[in-house]
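As stored in my_file05.cif (mmCIF, C-alpha atoms):
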```
data_query
#
loop_
_atom_site.label_atom_id
_atom_site.label_comp_id
_atom_site.auth_asym_id
_atom_site.auth_seq_id
_atom_site.Cartn_x
_atom_site.Cartn_y
_atom_site.Cartn_z
CA MET A 1 -49.21 -72.76 -29.68
CA VAL A 2 -50.64 -69.27 -30.05
CA GLY A 3 -54.02 -70.53 -28.84
CA LYS A 4 -52.43 -72.00 -25.73
CA LEU A 5 -50.62 -68.72 -25.03
CA LEU A 6 -53.83 -66.75 -25.60
CA LEU A 7 -55.87 -68.89 -23.20
CA ARG A 8 -53.19 -68.68 -20.52
CA GLY A 9 -52.83 -64.94 -21.05
CA MET A 10 -56.54 -64.42 -20.53
CA LEU A 11 -56.54 -66.57 -17.39
CA VAL A 12 -53.61 -64.65 -15.92
CA GLY A 13 -55.50 -61.47 -16.87
CA LEU A 14 -58.55 -62.68 -14.94
CA VAL A 15 -56.41 -63.25 -11.85
CA ALA A 16 -54.97 -59.76 -12.33
CA GLY A 17 -58.54 -58.43 -12.58
CA VAL A 18 -59.51 -60.07 -9.28
CA LEU A 19 -56.52 -58.53 -7.50
CA ALA A 20 -57.17 -55.16 -9.17
CA PHE A 21 -60.76 -55.36 -7.91
CA ALA A 22 -59.55 -55.85 -4.33
CA PHE A 23 -57.17 -52.92 -4.76
CA ALA A 24 -59.91 -50.77 -6.29
CA ARG A 25 -62.31 -51.54 -3.43
CA VAL A 26 -59.80 -50.40 -0.84
CA TYR A 27 -58.14 -47.45 -2.57
CA GLY A 28 -60.38 -46.50 -5.48
CA GLU A 29 -63.90 -46.45 -4.07
CA PRO A 30 -63.35 -43.92 -1.24
CA PRO A 31 -62.32 -41.08 -3.59
CA VAL A 32 -65.08 -42.07 -6.06
CA ASP A 33 -67.65 -41.82 -3.26
CA LYS A 34 -66.29 -38.45 -2.17
CA ALA A 35 -66.41 -37.17 -5.75
CA ILE A 36 -70.03 -38.30 -6.13
CA ALA A 37 -70.92 -36.61 -2.83
CA PHE A 38 -69.38 -33.41 -4.19
CA GLU A 39 -71.30 -33.77 -7.44
CA GLU A 40 -74.60 -34.17 -5.59
CA GLN A 41 -73.83 -31.25 -3.32
CA GLN A 42 -73.12 -29.05 -6.37
CA ALA A 43 -76.34 -30.14 -8.06
CA GLN A 44 -78.30 -29.44 -4.90
CA ALA A 45 -76.73 -26.00 -4.51
CA ALA A 46 -77.66 -25.22 -8.11
CA GLY A 47 -81.23 -26.27 -7.38
CA GLU A 48 -81.16 -29.20 -9.82
CA ALA A 49 -83.28 -32.25 -9.17
CA PRO A 50 -81.14 -35.24 -8.12
CA GLU A 51 -80.30 -37.58 -11.00
CA PRO A 52 -82.38 -40.75 -10.96
CA GLU A 53 -80.25 -43.71 -9.98
CA MET A 54 -80.50 -46.29 -12.76
CA VAL A 55 -77.95 -48.56 -11.16
CA SER A 56 -77.47 -48.38 -7.40
CA ARG A 57 -74.13 -47.25 -5.98
CA ALA A 58 -73.73 -50.64 -4.31
CA THR A 59 -74.02 -52.36 -7.70
CA GLN A 60 -71.65 -49.91 -9.37
CA ALA A 61 -69.03 -50.36 -6.65
CA GLY A 62 -69.59 -54.12 -6.38
CA ILE A 63 -70.58 -56.38 -9.24
CA GLY A 64 -70.29 -53.56 -11.79
CA LEU A 65 -66.75 -52.68 -10.80
CA ALA A 66 -65.81 -56.38 -10.64
CA THR A 67 -67.25 -57.00 -14.13
CA GLY A 68 -65.40 -54.02 -15.57
CA LEU A 69 -62.06 -55.01 -14.06
CA LEU A 70 -62.37 -58.74 -14.85
CA VAL A 71 -63.32 -58.12 -18.48
CA TYR A 72 -60.58 -55.51 -18.83
CA GLY A 73 -58.06 -57.81 -17.12
CA ALA A 74 -58.89 -60.80 -19.32
CA ALA A 75 -58.75 -58.65 -22.46
CA LEU A 76 -55.46 -57.09 -21.38
CA GLY A 77 -53.99 -60.54 -20.66
CA GLY A 78 -55.18 -61.84 -24.02
CA LEU A 79 -53.80 -58.92 -26.02
CA PHE A 80 -50.59 -59.11 -24.01
CA SER A 81 -50.19 -62.80 -24.90
CA LEU A 82 -50.57 -61.98 -28.61
CA VAL A 83 -47.89 -59.27 -28.43
CA PHE A 84 -45.73 -61.71 -26.49
CA ALA A 85 -46.25 -64.36 -29.17
CA TYR A 86 -44.82 -61.93 -31.71
CA ALA A 87 -42.05 -60.47 -29.56
CA TYR A 88 -40.72 -63.74 -28.12
CA GLY A 89 -37.54 -64.69 -29.94
CA ARG A 90 -37.61 -61.42 -31.89
CA VAL A 91 -36.77 -58.82 -29.24
CA GLY A 92 -33.36 -59.70 -27.92
CA SER A 93 -32.52 -63.18 -26.64
CA LEU A 94 -34.51 -62.91 -23.41
CA GLY A 95 -36.30 -66.02 -22.15
CA PRO A 96 -40.07 -66.13 -21.67
CA ARG A 97 -40.07 -64.62 -18.18
CA GLY A 98 -37.70 -61.82 -19.18
CA THR A 99 -39.59 -61.08 -22.39
CA SER A 100 -42.89 -60.97 -20.52
CA ALA A 101 -41.57 -58.68 -17.79
CA LEU A 102 -39.91 -56.33 -20.29
CA LEU A 103 -43.04 -56.19 -22.46
CA ALA A 104 -45.21 -55.39 -19.45
CA LEU A 105 -42.86 -52.63 -18.33
CA LEU A 106 -42.74 -51.03 -21.78
CA GLY A 107 -46.48 -51.58 -22.26
CA PHE A 108 -47.35 -50.04 -18.90
CA LEU A 109 -45.25 -46.99 -19.78
CA ALA A 110 -46.60 -46.62 -23.33
CA VAL A 111 -50.27 -47.48 -22.75
CA ILE A 112 -50.86 -46.12 -19.24
CA VAL A 113 -48.21 -43.84 -17.73
CA VAL A 114 -47.35 -41.65 -20.71
CA PRO A 115 -50.94 -41.04 -21.93
CA SER A 116 -52.07 -40.34 -18.36
CA LEU A 117 -49.39 -37.67 -17.99
CA LYS A 118 -51.24 -35.77 -20.71
CA TYR A 119 -54.81 -36.87 -20.03
CA PRO A 120 -55.03 -38.17 -16.45
CA ALA A 121 -57.92 -40.21 -15.08
CA ASN A 122 -60.80 -38.14 -13.72
CA PRO A 123 -63.25 -38.97 -10.93
CA PRO A 124 -67.00 -38.37 -11.24
CA ALA A 125 -67.90 -34.65 -11.11
CA VAL A 126 -64.82 -33.81 -13.19
CA GLY A 127 -65.47 -33.40 -16.88
CA ASN A 128 -68.05 -31.61 -18.97
CA PRO A 129 -70.54 -34.08 -20.56
CA GLU A 130 -70.63 -31.93 -23.69
CA THR A 131 -66.94 -32.55 -24.42
CA ILE A 132 -67.00 -36.33 -23.91
CA ALA A 133 -66.57 -37.13 -27.63
CA TYR A 134 -63.68 -34.70 -27.99
CA ARG A 135 -61.96 -35.95 -24.82
CA THR A 136 -62.39 -39.60 -25.76
CA GLU A 137 -60.91 -38.93 -29.18
CA LEU A 138 -57.86 -37.14 -27.75
CA PHE A 139 -57.41 -39.87 -25.13
CA PHE A 140 -57.23 -42.62 -27.75
CA ILE A 141 -55.06 -40.55 -30.10
CA MET A 142 -52.61 -40.09 -27.23
CA ILE A 143 -52.51 -43.85 -26.56
CA VAL A 144 -52.03 -44.75 -30.23
CA VAL A 145 -49.23 -42.20 -30.69
CA SER A 146 -47.56 -43.35 -27.49
CA ILE A 147 -47.65 -47.03 -28.54
CA ALA A 148 -46.32 -46.15 -32.00
CA ALA A 149 -43.47 -44.15 -30.43
CA MET A 150 -42.63 -47.06 -28.12
CA VAL A 151 -42.58 -49.58 -31.00
CA ALA A 152 -40.33 -47.21 -32.96
CA ALA A 153 -38.06 -46.75 -29.93
CA VAL A 154 -37.68 -50.53 -29.50
CA GLY A 155 -36.86 -50.82 -33.21
CA LEU A 156 -34.28 -48.05 -32.87
CA ALA A 157 -32.68 -49.77 -29.87
CA GLN A 158 -32.40 -53.02 -31.83
CA ARG A 159 -30.81 -51.23 -34.76
CA LEU A 160 -28.20 -49.53 -32.57
CA TRP A 161 -27.67 -52.63 -30.39
CA THR A 162 -24.49 -53.99 -32.04
CA ARG A 163 -23.00 -50.58 -32.80
CA LEU A 164 -23.50 -48.89 -29.41
CA GLY A 165 -23.94 -51.80 -27.04
CA ALA A 166 -27.07 -52.70 -25.08
CA TRP A 167 -26.93 -49.89 -22.51
CA ASN A 168 -26.19 -47.01 -24.86
CA ALA A 169 -28.62 -48.21 -27.52
CA SER A 170 -31.40 -48.37 -24.88
CA ILE A 171 -30.54 -44.93 -23.53
CA VAL A 172 -30.58 -43.37 -27.01
CA ALA A 173 -33.92 -45.05 -27.82
CA GLY A 174 -35.35 -43.93 -24.47
CA LEU A 175 -34.31 -40.34 -25.14
CA ALA A 176 -35.83 -40.49 -28.63
CA PHE A 177 -39.10 -41.67 -27.06
CA LEU A 178 -39.02 -38.78 -24.58
CA VAL A 179 -38.46 -36.24 -27.37
CA VAL A 180 -41.44 -37.60 -29.31
CA PHE A 181 -43.56 -37.51 -26.15
CA ALA A 182 -42.56 -33.92 -25.39
CA LEU A 183 -43.49 -32.84 -28.93
CA VAL A 184 -46.85 -34.66 -28.88
CA LYS A 185 -47.63 -33.34 -25.40
CA ALA A 186 -47.03 -29.79 -26.64
CA ALA A 187 -48.98 -30.33 -29.87
CA LEU A 188 -52.19 -31.80 -28.43
CA PRO A 189 -54.62 -29.47 -26.63
CA ASP A 190 -54.76 -29.46 -22.82
CA ILE A 191 -57.92 -30.41 -21.01
CA ASN A 192 -58.72 -29.14 -17.56
CA GLU A 193 -62.31 -29.49 -16.50
CA VAL A 194 -61.78 -29.82 -12.74
CA PRO A 195 -64.42 -27.73 -10.93
CA GLU A 196 -62.87 -24.81 -9.08
CA ASN A 197 -63.67 -25.95 -5.55
CA PHE A 198 -63.10 -29.68 -6.09
CA SER A 199 -60.88 -31.13 -3.37
CA ALA A 200 -57.26 -31.44 -4.52
CA THR A 201 -56.76 -34.27 -2.05
CA VAL A 202 -59.62 -36.32 -3.49
CA LEU A 203 -58.33 -35.71 -7.03
CA TRP A 204 -54.84 -36.83 -6.03
CA GLN A 205 -56.14 -39.92 -4.19
CA PHE A 206 -58.30 -40.85 -7.16
CA ARG A 207 -55.49 -40.52 -9.70
CA VAL A 208 -53.00 -42.43 -7.57
CA ALA A 209 -55.59 -45.19 -7.04
CA SER A 210 -56.27 -45.29 -10.77
CA LEU A 211 -52.57 -45.64 -11.58
CA GLY A 212 -52.26 -48.24 -8.80
CA ILE A 213 -55.03 -50.37 -10.33
CA GLN A 214 -53.23 -50.34 -13.65
CA LEU A 215 -49.94 -51.15 -11.94
CA VAL A 216 -51.54 -54.18 -10.26
CA LEU A 217 -52.97 -55.35 -13.60
CA TRP A 218 -49.77 -54.94 -15.59
CA ALA A 219 -47.47 -56.28 -12.88
CA VAL A 220 -49.55 -59.44 -12.38
CA VAL A 221 -49.84 -60.00 -16.14
CA GLY A 222 -46.15 -59.26 -16.80
CA LEU A 223 -44.78 -61.41 -13.99
CA GLY A 224 -47.47 -64.09 -14.05
CA PHE A 225 -47.66 -64.69 -17.78
CA GLY A 226 -43.91 -65.31 -18.12
CA GLY A 227 -44.21 -68.25 -15.74
CA VAL A 228 -47.10 -69.92 -17.54
CA ALA A 229 -45.68 -69.15 -20.99
CA GLU A 230 -42.40 -70.78 -20.04
CA ARG A 231 -43.92 -74.27 -20.20
CA VAL A 232 -45.68 -73.59 -23.51
CA VAL A 233 -42.67 -72.25 -25.39
CA ALA A 234 -40.19 -74.71 -23.84
CA VAL A 235 -41.30 -77.49 -26.22
CA ARG A 236 -40.52 -75.51 -29.34
CA ASP A 237 -37.36 -74.00 -27.91
CA ARG A 238 -35.94 -77.48 -27.22
CA ARG A 239 -36.88 -78.71 -30.68
CA GLY A 240 -35.28 -75.70 -32.33
CA PRO A 241 -36.63 -73.72 -35.28
CA THR A 242 -38.97 -75.50 -37.69
CA ARG A 243 -36.92 -76.96 -40.51
CA ARG A 244 -38.28 -76.61 -43.99
CA TYR A 245 -37.14 -79.34 -46.31
CA ALA A 246 -39.84 -78.96 -48.91
CA MET B 1 -33.64 -66.12 -42.12
CA SER B 2 -33.07 -67.53 -38.69
CA ASP B 3 -35.71 -70.19 -39.33
CA THR B 4 -33.65 -71.91 -42.02
CA THR B 5 -30.59 -72.50 -39.86
CA PHE B 6 -29.62 -76.11 -39.26
CA ALA B 7 -27.41 -75.60 -36.24
CA PRO B 8 -29.10 -76.78 -33.02
CA THR B 9 -30.32 -73.83 -31.00
CA TYR B 10 -31.50 -73.70 -27.44
CA GLY B 11 -32.46 -70.04 -27.27
CA PRO B 12 -35.92 -68.56 -27.75
CA VAL B 13 -37.53 -69.56 -31.05
CA ALA B 14 -39.85 -67.02 -32.66
CA ILE B 15 -43.37 -68.05 -33.71
CA PRO B 16 -43.78 -67.63 -37.49
CA VAL B 17 -45.99 -64.70 -38.45
CA ARG B 18 -48.28 -66.85 -40.63
CA GLU B 19 -49.07 -68.99 -37.58
CA LEU B 20 -49.68 -65.93 -35.43
CA LEU B 21 -51.65 -63.72 -37.80
CA PRO B 22 -55.11 -65.39 -37.73
CA TRP B 23 -55.05 -65.41 -33.92
CA ALA B 24 -53.87 -61.82 -33.74
CA ILE B 25 -56.64 -60.62 -36.06
CA PHE B 26 -59.63 -62.52 -34.66
CA ALA B 27 -58.74 -62.65 -30.98
CA GLY B 28 -57.28 -59.14 -31.16
CA LEU B 29 -60.55 -57.72 -32.49
CA MET B 30 -62.72 -59.58 -29.97
CA LEU B 31 -60.56 -58.48 -27.06
CA MET B 32 -60.51 -54.86 -28.20
CA LEU B 33 -64.30 -54.99 -28.50
CA ALA B 34 -64.43 -56.17 -24.87
CA ILE B 35 -62.28 -53.20 -23.81
CA TYR B 36 -64.51 -50.91 -25.85
CA PHE B 37 -67.58 -52.06 -23.89
CA VAL B 38 -65.87 -51.48 -20.56
CA GLY B 39 -64.21 -48.23 -21.58
CA ALA B 40 -66.26 -46.30 -24.09
CA GLU B 41 -69.72 -47.75 -24.94
CA GLU B 42 -72.52 -45.26 -24.26
CA GLY B 43 -69.97 -42.54 -23.68
CA ALA B 44 -68.66 -40.89 -26.82
CA THR B 45 -70.22 -43.54 -29.06
CA SER B 46 -73.08 -45.96 -28.55
CA LEU B 47 -73.90 -49.33 -30.11
CA ILE B 48 -76.70 -50.14 -27.68
CA ARG B 49 -79.45 -47.67 -26.79
CA GLY B 50 -79.67 -46.30 -23.30
CA THR B 51 -77.11 -45.93 -20.55
CA ALA B 52 -77.32 -49.30 -18.78
CA VAL B 53 -73.83 -50.50 -19.80
CA HIS B 54 -72.34 -47.12 -18.97
CA GLU B 55 -73.95 -47.03 -15.53
CA PHE B 56 -73.09 -50.64 -14.72
CA VAL B 57 -69.34 -50.35 -15.43
CA HIS B 58 -69.28 -46.71 -14.28
CA ASP B 59 -66.78 -47.03 -11.41
CA GLY B 60 -64.44 -49.31 -13.34
CA ARG B 61 -64.46 -46.94 -16.28
CA HIS B 62 -63.48 -43.97 -14.11
CA LEU B 63 -60.83 -45.90 -12.20
CA LEU B 64 -59.30 -47.44 -15.34
CA GLY B 65 -58.72 -43.91 -16.60
CA PHE B 66 -61.22 -43.73 -19.48
CA PRO B 67 -63.09 -40.47 -20.06
CA CYS B 68 -66.52 -41.28 -18.64
CA HIS B 69 -68.92 -38.34 -18.88
#
```
Could you express the structure from this file as structure tokens?
Amino acid sequence: MVGKLLLRGMLVGLVAGVLAFAFARVYGEPPVDKAIAFEEQQAQAAGEAPEPEMVSRATQAGIGLATGLLVYGAALGGLFSLVFAYAYGRVGSLGPRGTSALLALLGFLAVIVVPSLKYPANPPAVGNPETIAYRTELFFIMIVVSIAAMVAAVGLAQRLWTRLGAWNASIVAGLAFLVVFALVKAALPDINEVPENFSATVLWQFRVASLGIQLVLWAVVGLGFGGVAERVVAVRDRRGPTRRYA
Amino acid sequence: MSDTTFAPTYGPVAIPVRELLPWAIFAGLMLMLAIYFVGAEEGATSLIRGTAVHEFVHDGRHLLGFPCH
């Protein structure tokens, strides 16, 4: 049962990765190329020797990008299916499609949108190599805290569900999540390593493309997985809960 | 104790945790390792020497929002 869900989740994730690759080619690569051109121009102006190209740009933007997005997509789909396997039948009385869509929405907010409001994606040329360890650490702390806050908020909504009703319980839980986010956002240090004369337009295009890629991934997984999971869970749903006689 | 009820139900039936747990642990770890290789290997930490992995997935890493370099 879980194995079937996992396999299907990873396959849906692969499909999401293929679509995200197409999206990234069209909307992501132009700002990446512009950022790299800026980086080279800066290096040249500073009189530095050009960095040796270990992997050609064509490879990075082609098979490299595809590999990254397909692996990420499959892993996202697999992890999503495991969370679904736990949440299904436990979070409200939503069916498989509804559970999957709701999980993807909450996951997209908690894993992508909220952390990126604090630590947004950066194109090449933005970011000091000396602070990579520090930035990576903060980035993952932000994601972990955001996921924990979302799990707590869902728990809070469930607790208030019967007392306040579905709408009010969700609103209260949503507000609680926002308060936690505001506190964490204020507590963690800011990072701004954008070079002074870096194009604001390129930065904006890059960040929108980055968010768009994630939106493609999560939307395809959230909407696609519900459909394939429906057939897997239908068998058990019809049979009812496992009865223990022994 | 919803899994000891005898009334027929047609709603969603939760998967017992003991059935889920081995999958969650093993598959969960493998999948997170895959994300680590796309997102962070040869950046802040490095399991393999060199920068080949980093350079190969470079564009994906930037566009997926991971700190790259």
Going by the chain IDs and residue numbers used in this file, which residues fall under the PyMOL selection byres ((chain B) within 8 of (chain A))? Write them as a compact mmCIF listing (two decimals) with C-alpha atoms, keeping the file's coordinate frame.
```
# COMPACT_ATOMS: atom_id res chain seq x y z
CA SER B 2 -33.07 -67.53 -38.69
CA ASP B 3 -35.71 -70.19 -39.33
CA THR B 4 -33.65 -71.91 -42.02
CA THR B 5 -30.59 -72.50 -39.86
CA PHE B 6 -29.62 -76.11 -39.26
CA PRO B 8 -29.10 -76.78 -33.02
CA THR B 9 -30.32 -73.83 -31.00
CA TYR B 10 -31.50 -73.70 -27.44
CA GLY B 11 -32.46 -70.04 -27.27
CA PRO B 12 -35.92 -68.56 -27.75
CA VAL B 13 -37.53 -69.56 -31.05
CA ALA B 14 -39.85 -67.02 -32.66
CA ILE B 15 -43.37 -68.05 -33.71
CA VAL B 17 -45.99 -64.70 -38.45
CA GLU B 19 -49.07 -68.99 -37.58
CA LEU B 20 -49.68 -65.93 -35.43
CA TRP B 23 -55.05 -65.41 -33.92
CA ALA B 24 -53.87 -61.82 -33.74
CA ALA B 27 -58.74 -62.65 -30.98
CA GLY B 28 -57.28 -59.14 -31.16
CA LEU B 31 -60.56 -58.48 -27.06
CA MET B 32 -60.51 -54.86 -28.20
CA ALA B 34 -64.43 -56.17 -24.87
CA ILE B 35 -62.28 -53.20 -23.81
CA VAL B 38 -65.87 -51.48 -20.56
CA ALA B 40 -66.26 -46.30 -24.09
CA GLY B 43 -69.97 -42.54 -23.68
CA ALA B 44 -68.66 -40.89 -26.82
CA THR B 45 -70.22 -43.54 -29.06
CA ALA B 52 -77.32 -49.30 -18.78
CA GLU B 55 -73.95 -47.03 -15.53
CA PHE B 56 -73.09 -50.64 -14.72
CA VAL B 57 -69.34 -50.35 -15.43
CA HIS B 58 -69.28 -46.71 -14.28
CA ASP B 59 -66.78 -47.03 -11.41
CA GLY B 60 -64.44 -49.31 -13.34
CA ARG B 61 -64.46 -46.94 -16.28
CA HIS B 62 -63.48 -43.97 -14.11
CA LEU B 63 -60.83 -45.90 -12.20
CA LEU B 64 -59.30 -47.44 -15.34
CA GLY B 65 -58.72 -43.91 -16.60
CA PHE B 66 -61.22 -43.73 -19.48
CA PRO B 67 -63.09 -40.47 -20.06
CA CYS B 68 -66.52 -41.28 -18.64
CA HIS B 69 -68.92 -38.34 -18.88
```
**Message:** Rounded to one decimal, what separation in Å do you get between CA of Leu223 (chain A) and CA of Met150 (chain A)?
**Reply:**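 Distance between the two atoms: 20.3 Å.
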**Asked** Any idea what the distance is between CA of Ser199 (chain A) and CA of Lys34 (chain A)?
**Response**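 Here the two named atoms are 9.2 Å from each other.
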**Item:** d(CA of Pro52 (chain A), CA of Tyr36 (chain B)) in Å
**Value:**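 Taking CA of Pro52 (chain A) and CA of Tyr36 (chain B), their separation equals 25.4 Å.
Checking A:Leu7, A:Ala148, A:Ala104, A:Val12 one by one against Leu215 (chain A), counting only C-alpha atoms, you find the shortest gap at A:Ala104.
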**Request:** Name the residues within 12 Å of (-37.9, -49.0, -31.5), counting all atoms listed in the file in the file's coordinates, and put them as a list of chain:residue names.
**Result:** A:Val91, A:Leu106, A:Ser146, A:Ile147, A:Ala148, A:Ala149, A:Met150, A:Val151, A:Ala152, A:Ala153, A:Val154, A:Gly155, A:Leu156, A:Ala157, A:Gln158, A:Arg159, A:Leu160, A:Trp161, A:Ala169, A:Ser170, A:Ile171, A:Val172, A:Ala173, A:Gly174, A:Leu175, A:Ala176, A:Phe177
**Message:** Restricting the calculation to only C-alpha atoms: of A:Ala49, A:Ala58, A:Phe38, A:Phe108, which residue gets closest to Val220 (chain A)?
**Reply:** A:Phe108
As an mmCIF file, keeping the file's coordinate frame, could you write out region 179-199 of chain A once it has been completed with N, CA and C atoms?
```cif
data_model
loop_
_atom_site.group_PDB
_atom_site.id
_atom_site.type_symbol
_atom_site.label_atom_id
_atom_site.label_comp_id
_atom_site.auth_asym_id
_atom_site.auth_seq_id
_atom_site.Cartn_x
_atom_site.Cartn_y
_atom_site.Cartn_z
ATOM 1 N N VAL A 179 -38.342 -37.396 -26.477
ATOM 2 C CA VAL A 179 -38.460 -36.240 -27.370
ATOM 3 C C VAL A 179 -39.794 -36.279 -28.097
ATOM 4 N N VAL A 180 -40.157 -37.470 -28.620
ATOM 5 C CA VAL A 180 -41.440 -37.600 -29.310
ATOM 6 C C VAL A 180 -42.583 -37.263 -28.359
ATOM 7 N N PHE A 181 -42.507 -37.781 -27.137
ATOM 8 C CA PHE A 181 -43.560 -37.510 -26.150
ATOM 9 C C PHE A 181 -43.685 -36.026 -25.861
ATOM 10 N N ALA A 182 -42.535 -35.356 -25.685
ATOM 11 C CA ALA A 182 -42.560 -33.920 -25.390
ATOM 12 C C ALA A 182 -43.224 -33.145 -26.528
ATOM 13 N N LEU A 183 -42.908 -33.528 -27.774
ATOM 14 C CA LEU A 183 -43.490 -32.840 -28.930
ATOM 15 C C LEU A 183 -44.997 -33.072 -28.998
ATOM 16 N N VAL A 184 -45.414 -34.338 -28.805
ATOM 17 C CA VAL A 184 -46.850 -34.660 -28.880
ATOM 18 C C VAL A 184 -47.601 -33.977 -27.741
ATOM 19 N N LYS A 185 -47.005 -33.967 -26.569
ATOM 20 C CA LYS A 185 -47.630 -33.340 -25.400
ATOM 21 C C LYS A 185 -47.865 -31.848 -25.662
ATOM 22 N N ALA A 186 -46.878 -31.218 -26.340
ATOM 23 C CA ALA A 186 -47.030 -29.790 -26.640
ATOM 24 C C ALA A 186 -48.039 -29.568 -27.756
ATOM 25 N N ALA A 187 -48.124 -30.524 -28.697
ATOM 26 C CA ALA A 187 -48.980 -30.330 -29.870
ATOM 27 C C ALA A 187 -50.457 -30.535 -29.552
ATOM 28 N N LEU A 188 -50.784 -31.518 -28.718
ATOM 29 C CA LEU A 188 -52.190 -31.800 -28.430
ATOM 30 C C LEU A 188 -52.748 -30.812 -27.410
ATOM 31 N N PRO A 189 -54.038 -30.456 -27.542
ATOM 32 C CA PRO A 189 -54.620 -29.470 -26.630
ATOM 33 C C PRO A 189 -54.718 -29.996 -25.191
ATOM 34 N N ASP A 190 -54.593 -29.100 -24.233
ATOM 35 C CA ASP A 190 -54.760 -29.460 -22.820
ATOM 36 C C ASP A 190 -56.232 -29.520 -22.479
ATOM 37 N N ILE A 191 -56.549 -30.360 -21.507
ATOM 38 C CA ILE A 191 -57.920 -30.410 -21.010
ATOM 39 C C ILE A 191 -57.880 -30.250 -19.500
ATOM 40 N N ASN A 192 -58.592 -29.261 -19.004
ATOM 41 C CA ASN A 192 -58.720 -29.140 -17.560
ATOM 42 C C ASN A 192 -60.153 -28.757 -17.241
ATOM 43 N N GLU A 193 -60.901 -29.741 -16.798
ATOM 44 C CA GLU A 193 -62.310 -29.490 -16.500
ATOM 45 C C GLU A 193 -62.602 -29.771 -15.029
ATOM 46 N N VAL A 194 -61.582 -29.615 -14.180
ATOM 47 C CA VAL A 194 -61.780 -29.820 -12.740
ATOM 48 C C VAL A 194 -62.544 -28.620 -12.183
ATOM 49 N N PRO A 195 -63.688 -28.859 -11.515
ATOM 50 C CA PRO A 195 -64.420 -27.730 -10.930
ATOM 51 C C PRO A 195 -63.540 -26.980 -9.933
ATOM 52 N N GLU A 196 -63.768 -25.670 -9.850
ATOM 53 C CA GLU A 196 -62.870 -24.810 -9.080
ATOM 54 C C GLU A 196 -62.695 -25.238 -7.630
ATOM 55 N N ASN A 197 -63.793 -25.624 -6.971
ATOM 56 C CA ASN A 197 -63.670 -25.950 -5.550
ATOM 57 C C ASN A 197 -63.644 -27.462 -5.281
ATOM 58 N N PHE A 198 -63.224 -28.227 -6.291
ATOM 59 C CA PHE A 198 -63.100 -29.680 -6.090
ATOM 60 C C PHE A 198 -61.853 -29.950 -5.253
ATOM 61 N N SER A 199 -61.985 -30.869 -4.289
ATOM 62 C CA SER A 199 -60.880 -31.130 -3.370
ATOM 63 C C SER A 199 -59.639 -31.675 -4.088
#
```
